[in-house]
Each structure stands twice: as C-alpha cells, then as structure tokens.
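The next block holds one structure in the form of structure tokens; read it before the comments.
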Amino acid sequence: MTMQCVQVDRWSIWLGWRWPAVLVVVWLGVGLAAMGLSHHLDRPVELCLFKNVTGLACPTCGFTRGMFALLRGHPIDAWLYNPLLFSFLAALGVTVFVRLVFARSLEVRLTRWERTFCWVVASAVFAANWCYVIRCVG
C-alpha cells in the first residue's frame, strides 16, 4: 500500500455532483412533505419501503432522525442513530474541507489482496452497523 498527499484542483470536485445534488433536494422535499403530513395526521409517517415490507430497519434507518438531531445541535445523538453513516459523513466533510481549503487530496494505492481485505472489513463493519441499527434504533 502506498499513500501520498497530492495537489488537486479545488473546484473539480463539484463537476460530477449534479445527480447527487438533485437526489438530496428530492430527499429533502420528501422529508419535508412527510413532516407536514405527520404533523397534519398527528402520527409519524413511515417512508422506508424496506421497513414497510420486511418489518426490519434498513441500513440507513435513523438517518433522517439523526439529521434533525444534528440540526438541533446534538451531534452525539445523531451519531447514535446510525454510527457508520454519520462517521462516513464526518469523513466526507473533512475530505471536502481539506480539498477546498488546502487543494490537497490523499491518494491511496492498494494491491489486489489489500483491496479485497478492505472490502471484507468494510462488509463486516456494514453488517455490524446494520445489526446495531436493527437492535437499537429501528
């Protein structure tokens, strides 16, 4: 494995982000509509198709509640709703910050075996987080 800090263009990170931005706007719109409907009906509205079909929490369960906790200024509560997802968002935020402020990025080159090992570890962490979400959040 080799790692090095490389100089990058600060603004090229935003060029391929049109579809994710559209998806975030749609997600926010659906969330706001659900909040309005929930307030109007005086009961929570369940949007998760996976949970509606299986009865189990999906891997991203708790994200919306966590975002609301984060917006209220409770980052620990947000993290407790879905630790892996909010850890990933924190790492993404740091990555974007470093790229925009310092115009630097970390380049990691892995061998085939190291890449396979990373996928196995990531899958195990994902499964452990999903078990936590099912047990404690969903």
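By convention in this document, the chains of the structure tokens carry letters A, B, ... by their order, each chain's residues are numbered from 1, and ligands are numbered from 1 in the order they are shown.
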
Contacts of segment 93-110 of chain A at 9 Å (only C-alpha atoms; same-chain gap of 2+ positions) as a PyMOL selection string: chain A and resi 1-11+13+88-91+112-115

Could you make a table, as a tab-separated table, of the residues of segment 63-98 of chain A that have an atom within 12 Å of an atom of segment 25-33 of chain A, each with its nearest atom pair and distance in Å to one decimal, counting only C-alpha atoms, in chain and number order?
```
residue	atom	partner	partner_atom	distance
A:Phe63	CA	A:Gly31	CA	11.1
A:Thr64	CA	A:Gly31	CA	7.9
A:Arg65	CA	A:Gly31	CA	10.4
A:Met67	CA	A:Leu28	CA	10.8
A:Phe68	CA	A:Gly31	CA	10.6
```

Would you please extract all strand (DSSP E) residues from chain A, as assigned by DSSP on the backbone, and give them as a PDB file with C-alpha atoms, in the first residue's frame?
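Output (selection.pdb):
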```
ATOM      1  CA  THR A   2       1.252   3.453  -0.851  1.00  0.00           C
ATOM      2  CA  MET A   3      -0.206   6.730   0.313  1.00  0.00           C
ATOM      3  CA  GLN A   4       0.694  10.222  -0.733  1.00  0.00           C
ATOM      4  CA  CYS A   5      -0.746  13.692  -0.449  1.00  0.00           C
ATOM      5  CA  VAL A   6      -1.261  15.173  -3.918  1.00  0.00           C
ATOM      6  CA  GLN A   7      -2.063  18.650  -5.208  1.00  0.00           C
ATOM      7  CA  ARG A 104      -4.864  18.586  -1.376  1.00  0.00           C
ATOM      8  CA  SER A 105      -6.151  15.028  -1.556  1.00  0.00           C
ATOM      9  CA  LEU A 106      -4.906  11.735  -0.185  1.00  0.00           C
ATOM     10  CA  GLU A 107      -4.077   9.190  -2.877  1.00  0.00           C
ATOM     11  CA  VAL A 108      -4.059   5.559  -1.734  1.00  0.00           C
ATOM     12  CA  ARG A 109      -2.892   2.728  -3.975  1.00  0.00           C
TER      13      ARG A 109
END
```

Two-atom distance - atom CA of Tyr81 of chain A, atom CA of Val133 of chain A (Å): 7.3 Å
